[in-house]
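Engineer: target.cif (mmCIF, C-alpha atoms) pasted underneath:
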data_model
loop_
_atom_site.label_atom_id
_atom_site.label_comp_id
_atom_site.auth_asym_id
_atom_site.auth_seq_id
_atom_site.Cartn_x
_atom_site.Cartn_y
_atom_site.Cartn_z
CA MET N 1 -46.10 -52.00 23.55
CA ASN N 2 -44.71 -50.06 26.49
CA ASP N 3 -42.53 -46.97 26.00
CA ARG N 4 -40.03 -47.94 28.70
CA GLU N 5 -39.77 -51.47 27.40
CA ASP N 6 -39.24 -50.11 23.89
CA ALA N 7 -36.46 -47.82 25.10
CA ALA N 8 -34.82 -50.79 26.84
CA LEU N 9 -35.09 -52.88 23.67
CA VAL N 10 -33.48 -50.07 21.65
CA ALA N 11 -30.63 -49.90 24.18
CA GLU N 12 -30.18 -53.67 23.99
CA SER N 13 -30.22 -53.56 20.19
CA LEU N 14 -27.48 -50.93 20.27
CA ARG N 15 -25.39 -53.33 22.36
CA GLY N 16 -25.67 -55.82 19.52
CA ASN N 17 -28.60 -57.90 20.79
CA ARG N 18 -30.47 -58.80 17.61
CA GLU N 19 -33.24 -60.55 19.53
CA ALA N 20 -34.09 -57.22 21.16
CA PHE N 21 -34.51 -55.61 17.77
CA GLU N 22 -36.49 -58.62 16.60
CA SER N 23 -38.93 -57.94 19.45
CA LEU N 24 -39.38 -54.41 18.15
CA VAL N 25 -39.92 -55.77 14.65
CA ASN N 26 -42.51 -58.23 15.95
CA ASP N 27 -44.32 -55.53 17.91
CA TYR N 28 -44.36 -52.86 15.23
CA GLN N 29 -44.31 -54.55 11.83
CA LYS N 30 -48.09 -54.77 11.78
CA PRO N 31 -48.84 -51.09 12.53
CA VAL N 32 -46.08 -49.96 10.16
CA TYR N 33 -47.34 -52.27 7.41
CA ASN N 34 -50.91 -51.08 7.95
CA MET N 35 -49.89 -47.44 7.91
CA ALA N 36 -47.99 -47.91 4.65
CA TYR N 37 -50.86 -49.85 3.15
CA ARG N 38 -53.42 -47.18 4.08
CA LEU N 39 -51.16 -44.48 2.63
CA LEU N 40 -50.18 -46.32 -0.56
CA ASN N 41 -53.06 -48.77 -1.11
CA ASN N 42 -50.72 -51.46 -2.37
CA CYS N 43 -49.64 -54.58 -0.49
CA GLU N 44 -46.23 -54.97 -2.10
CA ASP N 45 -45.39 -51.30 -1.63
CA ALA N 46 -46.45 -51.62 2.01
CA ARG N 47 -44.13 -54.60 2.37
CA ASP N 48 -41.20 -52.74 0.80
CA VAL N 49 -41.82 -49.68 2.94
CA THR N 50 -42.02 -51.78 6.11
CA GLN N 51 -38.78 -53.53 5.26
CA ASN N 52 -37.02 -50.23 4.52
CA VAL N 53 -38.41 -48.63 7.67
CA PHE N 54 -36.89 -51.24 9.95
CA LEU N 55 -33.63 -51.23 8.02
CA LYS N 56 -33.36 -47.46 8.41
CA ALA N 57 -34.44 -47.64 12.04
CA PHE N 58 -31.76 -50.24 12.74
CA ARG N 59 -29.10 -48.19 11.01
CA ASN N 60 -30.09 -45.06 12.90
CA LEU N 61 -30.96 -46.46 16.32
CA GLU N 62 -28.51 -44.09 17.94
CA GLY N 63 -30.66 -41.25 16.68
CA PHE N 64 -33.71 -42.46 18.63
CA ASP N 65 -34.48 -40.17 21.57
CA PRO N 66 -36.08 -42.19 24.42
CA LYS N 67 -37.96 -39.05 25.47
CA TYR N 68 -40.31 -39.82 22.58
CA LYS N 69 -42.32 -42.91 21.77
CA PHE N 70 -40.61 -45.50 19.60
CA PHE N 71 -43.90 -45.83 17.74
CA SER N 72 -43.91 -42.10 16.89
CA TRP N 73 -40.32 -42.30 15.71
CA ILE N 74 -40.88 -45.31 13.48
CA CYS N 75 -44.16 -43.88 12.18
CA ARG N 76 -42.29 -40.81 11.04
CA ILE N 77 -39.80 -42.96 9.16
CA ALA N 78 -42.71 -44.92 7.66
CA LEU N 79 -44.41 -41.73 6.53
CA ASN N 80 -41.24 -40.45 4.87
CA GLU N 81 -40.61 -43.81 3.20
CA SER N 82 -44.18 -43.89 1.93
CA ILE N 83 -43.86 -40.39 0.50
CA ASN N 84 -40.55 -41.31 -1.16
CA LEU N 85 -41.99 -44.46 -2.68
CA ARG N 86 -45.11 -42.69 -3.87
CA ASN N 87 -43.00 -39.99 -5.48
CA SER N 88 -40.69 -42.52 -7.15
CA ARG N 89 -43.58 -44.55 -8.56
CA ARG N 90 -45.60 -41.49 -9.52
CA VAL N 91 -48.96 -43.26 -9.59
CA PRO N 92 -51.52 -40.71 -10.80
CA ARG N 93 -53.58 -39.28 -7.98
CA GLY N 94 -57.20 -40.33 -7.88
CA VAL N 95 -56.54 -43.67 -9.54
CA ASP N 96 -57.56 -46.64 -7.43
CA GLU N 97 -54.26 -48.47 -7.26
CA ARG N 98 -55.97 -51.78 -6.51
CA VAL N 99 -57.37 -51.56 -10.00
CA ALA N 100 -54.29 -49.93 -11.50
CA ASP N 101 -51.84 -52.63 -10.45
CA GLY N 102 -54.19 -55.48 -11.34
CA ARG N 103 -53.45 -57.39 -8.17
CA PRO N 104 -56.18 -58.88 -5.98
CA LEU N 105 -57.16 -57.41 -2.68
CA PRO N 106 -55.87 -59.15 0.43
CA ASP N 107 -58.35 -61.60 1.91
CA ASP N 108 -58.83 -59.50 5.01
CA LEU N 109 -59.96 -56.57 2.94
CA LEU N 110 -62.37 -58.71 0.96
CA CYS N 111 -64.02 -59.57 4.25
CA CYS N 112 -64.39 -55.92 5.25
CA ALA N 113 -67.69 -54.17 5.11
CA GLU N 114 -68.51 -52.17 2.00
CA LEU N 115 -68.10 -48.98 4.02
CA SER N 116 -64.50 -49.92 4.85
CA SER N 117 -63.51 -50.38 1.23
CA GLU N 118 -65.36 -47.22 0.26
CA ILE N 119 -63.43 -45.38 2.97
CA GLN N 120 -60.12 -46.72 1.70
CA SER N 121 -61.05 -45.70 -1.81
CA ALA N 122 -62.06 -42.22 -0.59
CA LEU N 123 -58.81 -41.97 1.37
CA MET N 124 -56.88 -42.42 -1.86
CA SER N 125 -58.62 -39.39 -3.34
CA MET N 126 -57.03 -37.17 -0.69
CA GLU N 127 -53.68 -35.46 -0.47
CA LEU N 128 -51.18 -37.65 1.39
CA ASP N 129 -50.77 -35.20 4.29
CA GLN N 130 -54.52 -35.29 4.92
CA ARG N 131 -54.59 -39.06 4.52
CA ALA N 132 -51.83 -39.33 7.11
CA VAL N 133 -53.77 -37.53 9.86
CA ILE N 134 -56.81 -39.74 9.30
CA VAL N 135 -54.70 -42.89 9.33
CA LEU N 136 -52.84 -41.87 12.49
CA ARG N 137 -55.93 -40.71 14.35
CA HIS N 138 -58.45 -43.39 13.42
CA PHE N 139 -56.36 -46.46 12.61
CA HIS N 140 -53.54 -45.96 15.09
CA HIS N 141 -55.45 -43.97 17.73
CA CYS N 142 -52.72 -41.36 18.05
CA SER N 143 -53.29 -38.26 20.17
CA TYR N 144 -53.03 -34.79 18.66
CA GLN N 145 -49.65 -34.51 20.39
CA ASP N 146 -48.39 -37.77 18.87
CA ILE N 147 -49.62 -36.80 15.42
CA GLY N 148 -47.94 -33.42 15.79
CA GLN N 149 -44.63 -35.11 16.65
CA ILE N 150 -44.86 -37.62 13.81
CA LEU N 151 -45.78 -35.05 11.18
CA ASP N 152 -43.71 -32.26 12.76
CA ILE N 153 -46.64 -29.85 12.84
CA PRO N 154 -48.27 -27.93 15.72
CA GLU N 155 -51.28 -29.51 17.44
CA LYS N 156 -53.44 -26.67 16.18
CA THR N 157 -52.55 -27.68 12.62
CA VAL N 158 -53.34 -31.32 13.46
CA LYS N 159 -56.81 -30.23 14.52
CA SER N 160 -57.50 -28.12 11.44
CA ARG N 161 -56.02 -30.75 9.11
CA LEU N 162 -58.22 -33.42 10.66
CA PHE N 163 -61.22 -31.21 10.10
CA THR N 164 -60.30 -30.61 6.44
CA ALA N 165 -59.62 -34.31 5.87
CA ARG N 166 -62.83 -35.48 7.53
CA ASN N 167 -64.85 -32.90 5.64
CA HIS N 168 -63.32 -34.08 2.37
CA LEU N 169 -64.05 -37.71 3.22
CA ARG N 170 -67.59 -36.84 4.25
CA GLU N 171 -68.26 -35.01 0.99
CA VAL N 172 -66.77 -37.81 -1.14
CA LEU N 173 -68.71 -40.52 0.68
CA CYS N 174 -71.92 -38.47 0.50
CA LEU N 175 -71.47 -38.06 -3.24
CA ARG N 176 -71.05 -41.82 -3.54
CA GLY N 177 -74.21 -42.36 -1.49
CA VAL N 178 -72.33 -44.11 1.29
CA LEU N 179 -73.20 -41.63 4.07
CA MET H 1 -56.28 -26.49 21.66
CA SER H 2 -59.20 -24.14 22.10
CA LYS H 3 -60.30 -25.51 25.45
CA GLY H 4 -61.45 -22.68 27.72
CA ARG H 5 -61.10 -20.09 24.99
CA PRO H 6 -64.21 -17.90 24.57
CA LEU H 7 -65.60 -17.87 21.05
CA SER H 8 -67.29 -15.01 19.31
CA MET H 9 -70.20 -16.13 17.10
CA PRO H 10 -69.08 -14.75 13.72
CA ASN H 11 -65.78 -16.70 13.82
CA VAL H 12 -67.23 -20.08 14.69
CA ASN H 13 -66.74 -22.85 12.17
CA TYR H 14 -69.34 -25.33 13.31
CA GLU H 15 -68.09 -28.16 11.11
CA GLU H 16 -64.66 -27.79 12.70
CA LEU H 17 -66.35 -28.01 16.08
CA MET H 18 -68.04 -31.24 14.96
CA SER H 19 -64.67 -32.64 13.97
CA ALA H 20 -63.23 -31.66 17.35
CA GLU H 21 -66.25 -33.23 19.04
CA ILE H 22 -65.37 -36.58 17.48
CA ASP H 23 -61.95 -36.34 19.11
CA GLY H 24 -63.35 -35.26 22.47
CA GLU H 25 -61.56 -31.94 22.12
CA LEU H 26 -64.49 -29.53 22.66
CA SER H 27 -64.40 -26.98 25.44
CA GLU H 28 -67.57 -26.24 27.44
CA GLU H 29 -68.08 -23.00 25.54
CA GLU H 30 -67.64 -24.72 22.22
CA ARG H 31 -70.11 -27.45 23.17
CA THR H 32 -72.71 -24.88 24.20
CA LEU H 33 -72.27 -23.04 20.93
CA LEU H 34 -72.49 -26.23 18.88
CA ASP H 35 -75.59 -27.48 20.71
CA LYS H 36 -77.36 -24.14 20.21
CA HIS H 37 -76.46 -24.14 16.54
CA LEU H 38 -77.71 -27.70 16.04
CA ILE H 39 -81.09 -27.05 17.67
CA SER H 40 -81.94 -24.34 15.18
CA ASN H 41 -80.28 -25.81 12.09
CA PRO H 42 -81.46 -29.12 10.50
CA ASP H 43 -78.70 -28.99 7.86
CA ALA H 44 -76.08 -28.84 10.59
CA GLN H 45 -77.74 -31.82 12.30
CA SER H 46 -77.43 -33.74 9.03
CA VAL H 47 -73.72 -32.86 8.74
CA ARG H 48 -73.14 -33.92 12.33
CA THR H 49 -74.88 -37.26 11.69
CA GLN H 50 -72.66 -37.78 8.64
CA MET H 51 -69.53 -36.89 10.63
CA THR H 52 -70.49 -39.36 13.34
CA LYS H 53 -71.20 -42.12 10.80
CA LEU H 54 -67.88 -41.35 9.10
CA SER H 55 -66.03 -41.61 12.38
CA GLU H 56 -67.74 -44.91 13.22
CA GLY H 57 -66.94 -46.21 9.74
CA LEU H 58 -63.29 -45.23 10.09
CA ASP H 59 -63.09 -46.99 13.43
CA GLN H 60 -64.53 -50.15 11.86
CA VAL H 61 -61.83 -50.44 9.20
CA LYS H 62 -60.01 -53.69 9.86
CA GLU H 63 -56.28 -54.06 10.32
CA ILE H 64 -54.49 -56.03 7.64
CA GLU H 65 -52.21 -58.90 8.56
CA PRO H 66 -48.72 -58.37 7.12
CA PRO H 67 -47.22 -61.25 5.09
CA ALA H 68 -46.25 -64.14 7.35
CA ASP H 69 -42.59 -64.01 6.33
CA LEU H 70 -42.19 -60.24 6.69
CA GLY H 71 -40.53 -60.29 10.13
CA ARG H 72 -38.07 -62.96 9.08
CA SER H 73 -37.37 -61.13 5.86
CA ILE H 74 -36.67 -57.89 7.76
CA MET H 75 -34.29 -59.60 10.16
CA ALA H 76 -32.47 -61.37 7.31
CA ALA H 77 -31.88 -58.06 5.55
CA LEU H 78 -30.37 -56.26 8.56
CA PRO H 79 -26.66 -55.50 8.61
CA PRO H 80 -24.62 -57.21 11.34
CA VAL H 81 -24.59 -54.19 13.67
CA PRO H 82 -26.83 -51.14 14.13
CA GLN H 83 -25.95 -47.72 12.68
CA ALA H 84 -23.34 -49.31 10.37
CA SER H 85 -23.21 -46.24 8.19
CA ALA H 86 -22.55 -44.03 11.20
CA ILE H 87 -19.48 -45.99 12.23
CA ALA H 88 -17.49 -44.57 9.36
CA VAL H 89 -18.15 -41.00 10.50
CA ARG H 90 -17.94 -41.63 14.22
CA PRO H 91 -15.82 -38.97 15.96
CA ARG H 92 -12.20 -39.86 16.60
CA PHE H 93 -12.40 -39.56 20.36
CA ARG H 94 -14.92 -42.39 20.43
CA ALA H 95 -12.86 -44.57 18.19
CA ALA H 96 -9.90 -44.02 20.48
CA ARG H 97 -11.76 -45.80 23.28
CA LEU H 98 -11.30 -49.06 21.44
CA SER H 99 -8.04 -50.69 22.33
CA ILE H 100 -5.45 -51.55 19.70
CA LEU H 101 -5.86 -55.18 20.76
CA LYS H 102 -9.56 -55.05 19.95
CA TYR H 103 -8.80 -53.48 16.58
CA GLY H 104 -6.33 -56.29 15.98
CA TYR H 105 -8.93 -58.97 16.64
CA VAL H 106 -11.46 -57.25 14.42
CA PHE H 107 -8.90 -56.77 11.66
CA ALA H 108 -7.73 -60.40 11.81
CA ALA H 109 -11.29 -61.70 11.92
CA GLY H 110 -12.16 -59.52 8.94
CA ILE H 111 -9.27 -60.87 6.88
CA ILE H 112 -10.11 -64.51 7.70
CA LEU H 113 -13.81 -64.00 7.02
CA GLY H 114 -13.04 -62.16 3.81
CA LEU H 115 -10.78 -64.97 2.59
CA ILE H 116 -13.34 -67.65 3.43
CA LEU H 117 -16.15 -65.75 1.77
CA HIS H 118 -14.05 -64.85 -1.22
CA GLN H 119 -13.14 -68.51 -1.71
CA ALA H 120 -16.79 -69.48 -1.44
CA VAL H 121 -17.80 -66.85 -3.97
CA THR H 122 -15.02 -67.79 -6.40
CA LYS H 123 -15.90 -71.47 -6.11
CA ARG H 124 -19.55 -70.79 -6.81
CA THR H 125 -18.76 -68.47 -9.67
CA THR H 126 -16.68 -71.07 -11.44
CA THR H 127 -19.35 -73.76 -11.12
CA VAL H 128 -21.93 -71.66 -12.97
CA ASP H 129 -21.53 -71.27 -16.71
CA LEU H 130 -22.69 -67.71 -17.08
CA ASN H 131 -22.39 -67.92 -20.86
CA ASP H 132 -25.51 -70.06 -20.79
CA LEU H 133 -27.31 -67.05 -19.41
CA TYR H 134 -25.75 -64.23 -21.38
CA GLY H 135 -22.68 -63.84 -23.53
CA SER H 136 -20.55 -60.76 -23.85
CA MET H 137 -22.48 -59.70 -26.96
CA ALA H 138 -25.88 -60.63 -25.59
CA PRO H 139 -28.60 -58.01 -25.28
CA ARG H 140 -29.30 -56.44 -21.93
CA VAL H 141 -30.74 -58.87 -19.47
CA VAL H 142 -34.04 -57.06 -19.14
CA GLY H 143 -34.80 -57.81 -22.79
CA GLY H 144 -35.68 -61.10 -24.47
CA ALA H 145 -37.08 -63.90 -22.34
CA TRP H 146 -36.01 -62.19 -19.13
CA GLN H 147 -38.87 -60.64 -17.25
CA PRO H 148 -38.13 -57.22 -15.73
CA ALA H 149 -39.35 -57.35 -12.13
CA ASP H 150 -38.26 -54.09 -10.53
CA GLY H 151 -35.67 -51.38 -10.86
CA MET H 152 -34.20 -48.20 -9.48
CA SER H 153 -32.43 -45.25 -11.00
CA PHE H 154 -30.43 -42.60 -9.21
CA THR H 155 -28.89 -39.26 -10.05
CA SER H 156 -26.72 -37.37 -7.63
CA ASP H 157 -23.46 -35.43 -7.66
CA SER H 158 -21.49 -38.59 -6.93
CA LEU H 159 -23.51 -41.35 -8.55
CA THR H 160 -25.67 -41.74 -11.65
CA GLY H 161 -27.12 -44.93 -13.07
CA SER H 162 -29.60 -47.71 -12.55
CA VAL H 163 -30.17 -51.19 -11.20
CA GLN H 164 -32.55 -53.57 -12.97
CA LEU H 165 -33.96 -56.69 -11.38
CA ALA H 166 -34.97 -59.35 -13.91
CA GLN H 167 -35.94 -62.99 -13.60
CA LEU H 168 -36.21 -66.06 -15.77
CA GLY H 169 -37.61 -69.17 -14.11
CA SER H 170 -35.75 -69.63 -10.86
CA THR H 171 -32.82 -67.40 -11.91
CA VAL H 172 -32.71 -63.80 -10.77
CA VAL H 173 -30.33 -61.17 -12.09
CA LEU H 174 -29.47 -57.78 -10.68
CA GLU H 175 -27.95 -55.64 -13.42
CA PHE H 176 -25.91 -52.67 -12.20
CA ASP H 177 -24.99 -49.91 -14.63
CA PHE H 178 -23.64 -46.66 -13.23
CA ASP H 179 -21.04 -43.92 -13.29
CA SER H 180 -19.54 -42.59 -10.11
CA ILE H 181 -17.05 -40.14 -8.76
CA GLY H 182 -14.76 -42.04 -6.40
CA THR H 183 -15.10 -45.48 -4.88
CA VAL H 184 -18.58 -46.90 -4.49
CA GLU H 185 -19.52 -49.60 -2.02
CA ILE H 186 -22.67 -51.59 -2.62
CA SER H 187 -24.51 -53.82 -0.20
CA VAL H 188 -27.11 -56.33 -1.39
CA ARG H 189 -29.09 -58.23 1.21
CA TYR H 190 -31.68 -60.95 0.76
CA ASP H 191 -33.24 -63.89 2.56
CA PRO H 192 -30.66 -66.72 2.35
CA GLN H 193 -33.38 -69.29 2.89
CA LEU H 194 -35.05 -68.21 -0.35
CA VAL H 195 -32.15 -67.07 -2.51
CA GLN H 196 -28.64 -68.35 -3.21
CA PHE H 197 -25.85 -66.43 -4.88
CA ALA H 198 -24.72 -68.13 -8.11
CA GLY H 199 -22.13 -65.82 -9.61
CA TYR H 200 -21.39 -62.50 -11.24
CA ASN H 201 -20.47 -61.23 -14.65
CA GLN H 202 -18.70 -58.01 -15.51
CA ARG H 203 -19.58 -56.16 -18.69
CA THR H 204 -16.82 -53.58 -18.26
CA ALA H 205 -13.22 -54.00 -17.15
CA GLY H 206 -13.70 -51.93 -14.01
CA ASN H 207 -12.00 -52.87 -10.74
CA LEU H 208 -14.67 -54.77 -8.80
CA SER H 209 -14.28 -56.83 -5.63
CA LEU H 210 -17.04 -58.95 -4.20
CA THR H 211 -17.39 -60.71 -0.83
CA GLY H 212 -20.19 -62.46 0.99
CA GLY H 213 -22.68 -64.88 -0.47
CA ASN H 214 -24.99 -66.07 2.31
CA GLY H 215 -27.79 -63.51 2.39
CA SER H 216 -25.42 -60.61 1.96
CA LEU H 217 -23.12 -59.41 -0.81
CA SER H 218 -20.66 -56.54 -0.47
CA LEU H 219 -19.15 -54.98 -3.56
CA ARG H 220 -16.44 -52.40 -3.89
CA CYS H 221 -16.16 -50.58 -7.22
CA GLU H 222 -13.05 -48.50 -7.75
CA ASP H 223 -13.54 -47.33 -11.31
CA ASN H 224 -15.82 -44.60 -12.47
CA GLN H 225 -17.81 -46.72 -14.88
CA GLN H 226 -19.36 -50.03 -13.84
CA HIS H 227 -21.64 -52.45 -15.61
CA PHE H 228 -22.01 -55.88 -14.08
CA LEU H 229 -24.56 -58.57 -13.25
CA LEU H 230 -25.17 -60.47 -10.04
CA VAL H 231 -26.77 -63.84 -10.67
CA LEU H 232 -28.83 -65.54 -7.98
CA THR H 233 -31.18 -68.48 -7.87
CA SER H 234 -34.53 -68.65 -6.16
CA PRO H 235 -35.55 -72.35 -6.37
CA GLN H 236 -38.84 -71.83 -4.57
CA LYS H 237 -39.80 -68.96 -6.93
CA ILE H 238 -41.31 -67.03 -4.01
CA PRO H 239 -41.41 -63.22 -4.37
CA THR H 240 -38.26 -62.00 -2.68
CA THR H 241 -36.92 -58.63 -1.64
CA PHE H 242 -33.36 -57.47 -2.35
CA ASN H 243 -32.20 -54.53 -0.28
CA VAL H 244 -29.67 -52.55 -2.28
CA GLU H 245 -27.59 -49.78 -0.75
CA PHE H 246 -25.03 -47.52 -2.38
CA LEU H 247 -22.39 -45.91 -0.19
CA VAL H 248 -19.95 -43.23 -1.24
CA GLY H 249 -17.34 -42.13 1.30
CA GLY H 250 -18.99 -44.39 3.89
CA LYS H 251 -22.33 -42.62 3.62
CA ILE H 252 -25.48 -44.09 2.12
CA VAL H 253 -26.39 -42.15 -1.02
CA ASP H 254 -29.24 -44.40 -2.11
CA ALA H 255 -31.06 -47.39 -0.68
CA ARG H 256 -34.01 -49.27 -2.15
CA ALA H 257 -35.86 -52.53 -1.80
CA LEU H 258 -36.23 -54.33 -5.13
CA ARG H 259 -38.62 -57.22 -5.37
CA THR H 260 -39.14 -60.18 -7.66
CA ARG H 261 -42.62 -61.21 -8.76
#
For the file at hand, write its structure as structure tokens.

Structural biologist:
Amino acid sequence: MNDREDAALVAESLRGNREAFESLVNDYQKPVYNMAYRLLNNCEDARDVTQNVFLKAFRNLEGFDPKYKFFSWICRIALNESINLRNSRRVPRGVDERVADGRPLPDDLLCCAELSSEIQSALMSMELDQRAVIVLRHFHHCSYQDIGQILDIPEKTVKSRLFTARNHLREVLCLRGVL
Amino acid sequence: MSKGRPLSMPNVNYEELMSAEIDGELSEEERTLLDKHLISNPDAQSVRTQMTKLSEGLDQVKEIEPPADLGRSIMAALPPVPQASAIAVRPRFRAARLSILKYGYVFAAGIILGLILHQAVTKRTTTVDLNDLYGSMAPRVVGGAWQPADGMSFTSDSLTGSVQLAQLGSTVVLEFDFDSIGTVEISVRYDPQLVQFAGYNQRTAGNLSLTGGNGSLSLRCEDNQQHFLLVLTSPQKIPTTFNVEFLVGGKIVDARALRTR
């Protein structure tokens, strides 16, 4: 995933080249899906969000500024879509949605270490804005600058929010005897 | 960033420094302060160990593979051209760049395509006996043997109502019930390899036109009150997404993905 290549693919897509947009979908569906899953903890919601993200991105391609990373732009759309979906479903906070929706975990998650599933469970006990900085920093390896652009907050706030989020996670996982 | 910024002892939050250390964002002064603090404070050492373990644990969390058909499903749901909703509000000076000849071709192609699609839709509608599914006095589709799968409701200045997605065996129904101010355009997109359009049924006498049928349906509703059903079949019974968009005055006022089970 190269920023200049992405910008060229966006330009091609705007000229009506659907294969160019398909390349963007192929490159970014996995990170978008993972981001939505980590934020919502539900496979079908993650699928719906990913689908809506690319639909909105396609409809608003003219609004993409090549000065910024395509990934940052699409992550921002994904974050907003996730917030909208969470608000529309109104799943009570603190409830493990894997249990709440009665659906099985994806195979990949079943294979994860216990710590990974404990982390995901602890993530769901956090406010979504704190969850988002953890997801962007640790799962998508975004810089403070990238996170700031995606969340539209100053880098200083990124730093303090990361601290608050990590501290919360640490306390939760300590209480559960994981750390 | 606090790189290079001198710190006075009383204001130091050592746990915040530990968090910044994980990200490689400590200045020399901050590192010196943190190291000094850790030497004389076993509790702080314990917190730092926990922070490090947490960070390592977070980095070990595996990526999840999206569903194999997701990319195809996304592409199938896209409109024919990017920024379709923006075209309606594009400034006049841009529109003027298009030649009249080009407009003519587009207009003619639109009419031909519309006629072909309309014929296809009409033909399909007449081959499906919708009375087998629901009569005019039948209860709402979401009741009885029909299984509600998903739904959306919306309330805005221009549009109020709901869409219910229900299924029975391989038959899927989208039930639209809404009030609007002005003309409403609705777009429904789905994967044509998984779903086929079978017909529609109006519950009110509102003015409704429908075109499309192969992965995409476009509806234009010119009355304020609408209640109608779109009937589709999904022979493979695979969970499928329907992207529903409502446009008023050419602008999207609501868009959702509804999904069968």

Engineer: For the provided coordinates, the residues matched by the PyMOL selection byres ((chain N) within 8 of (chain H)) should be stated as a PDB file with C-alpha atoms, in the frame of the given file.

Structural biologist:
ATOM      1  CA  SER N  13     -30.220 -53.560  20.190  1.00  0.00           C
ATOM      2  CA  LEU N  14     -27.480 -50.930  20.270  1.00  0.00           C
ATOM      3  CA  GLY N  16     -25.670 -55.820  19.520  1.00  0.00           C
ATOM      4  CA  GLU N  22     -36.490 -58.620  16.600  1.00  0.00           C
ATOM      5  CA  VAL N  25     -39.920 -55.770  14.650  1.00  0.00           C
ATOM      6  CA  ASN N  26     -42.510 -58.230  15.950  1.00  0.00           C
ATOM      7  CA  GLN N  29     -44.310 -54.550  11.830  1.00  0.00           C
ATOM      8  CA  LYS N  30     -48.090 -54.770  11.780  1.00  0.00           C
ATOM      9  CA  TYR N  33     -47.340 -52.270   7.410  1.00  0.00           C
ATOM     10  CA  ASN N  34     -50.910 -51.080   7.950  1.00  0.00           C
ATOM     11  CA  ARG N  47     -44.130 -54.600   2.370  1.00  0.00           C
ATOM     12  CA  ASP N  48     -41.200 -52.740   0.800  1.00  0.00           C
ATOM     13  CA  GLN N  51     -38.780 -53.530   5.260  1.00  0.00           C
ATOM     14  CA  ASN N  52     -37.020 -50.230   4.520  1.00  0.00           C
ATOM     15  CA  PHE N  54     -36.890 -51.240   9.950  1.00  0.00           C
ATOM     16  CA  LEU N  55     -33.630 -51.230   8.020  1.00  0.00           C
ATOM     17  CA  PHE N  58     -31.760 -50.240  12.740  1.00  0.00           C
ATOM     18  CA  ARG N  59     -29.100 -48.190  11.010  1.00  0.00           C
ATOM     19  CA  ASN N  60     -30.090 -45.060  12.900  1.00  0.00           C
ATOM     20  CA  LEU N  61     -30.960 -46.460  16.320  1.00  0.00           C
ATOM     21  CA  GLU N  62     -28.510 -44.090  17.940  1.00  0.00           C
ATOM     22  CA  PRO N 106     -55.870 -59.150   0.430  1.00  0.00           C
ATOM     23  CA  ASP N 108     -58.830 -59.500   5.010  1.00  0.00           C
ATOM     24  CA  LEU N 109     -59.960 -56.570   2.940  1.00  0.00           C
ATOM     25  CA  CYS N 112     -64.390 -55.920   5.250  1.00  0.00           C
ATOM     26  CA  LEU N 115     -68.100 -48.980   4.020  1.00  0.00           C
ATOM     27  CA  SER N 116     -64.500 -49.920   4.850  1.00  0.00           C
ATOM     28  CA  ILE N 119     -63.430 -45.380   2.970  1.00  0.00           C
ATOM     29  CA  HIS N 138     -58.450 -43.390  13.420  1.00  0.00           C
ATOM     30  CA  PHE N 139     -56.360 -46.460  12.610  1.00  0.00           C
ATOM     31  CA  GLU N 155     -51.280 -29.510  17.440  1.00  0.00           C
ATOM     32  CA  LYS N 156     -53.440 -26.670  16.180  1.00  0.00           C
ATOM     33  CA  LYS N 159     -56.810 -30.230  14.520  1.00  0.00           C
ATOM     34  CA  SER N 160     -57.500 -28.120  11.440  1.00  0.00           C
ATOM     35  CA  LEU N 162     -58.220 -33.420  10.660  1.00  0.00           C
ATOM     36  CA  PHE N 163     -61.220 -31.210  10.100  1.00  0.00           C
ATOM     37  CA  ARG N 166     -62.830 -35.480   7.530  1.00  0.00           C
ATOM     38  CA  ASN N 167     -64.850 -32.900   5.640  1.00  0.00           C
ATOM     39  CA  LEU N 169     -64.050 -37.710   3.220  1.00  0.00           C
ATOM     40  CA  ARG N 170     -67.590 -36.840   4.250  1.00  0.00           C
ATOM     41  CA  LEU N 179     -73.200 -41.630   4.070  1.00  0.00           C
TER      42      LEU N 179
END

Engineer: Determine, counting only C-alpha atoms, every residue of protein, DNA or RNA that lies within 7 Å of (-29.4, -68.3, -11.0) in the file coordinates, then give the result as a PyMOL selection string.

Structural biologist: chain H and resi 170-172+198+231-233

Engineer: Grab the atom CA of H:Val184 to atom CA of H:Gly212 distance for me, in Å with one decimal place.

Structural biologist: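 Interatomic distance, atom CA of H:Val184 to atom CA of H:Gly212: 16.6 Å.
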
Engineer: Report the centre and edge lengths, in Å to one decimal, of an axis-aligned box enclosing every atom of stretch 134-148 of chain N listed in the file, padded by 8 Å on each side, as AutoDock Vina command-line options.

Structural biologist:
--center_x -53.2 --center_y -39.9 --center_z 14.8 --size_x 26.5 --size_y 29.0 --size_z 27.1

Engineer: Please measure the separation of atom CA of H:Val188 and atom CA of H:Ser218, giving the value in Å to one decimal.

Structural biologist: 6.5 Å

Engineer: Let me know the residues the PyMOL selection byres ((chain H and resi 150) around 8) catches in the file above, as a VMD selection string.

Structural biologist: chain H and resid 148 to 149 151 to 152 164 to 166 258 to 260

Engineer: Given the point (-27.8, -68.6, -5.0) in the coordinates of this file, which residues lie within 12 Å, counting only C-alpha atoms, and how would they look as a PyMOL selection string?

Structural biologist: chain H and resi 120-121+124-125+127-128+170-173+190-200+212-217+230-236

Engineer: Hey, what's within 8 Å of H:Ile186 if we count all atoms listed in the file and toss same-chain stuff fewer than 4 positions away? As an NGL selection string, please?

Structural biologist: :H and (218-220 or 244-247)
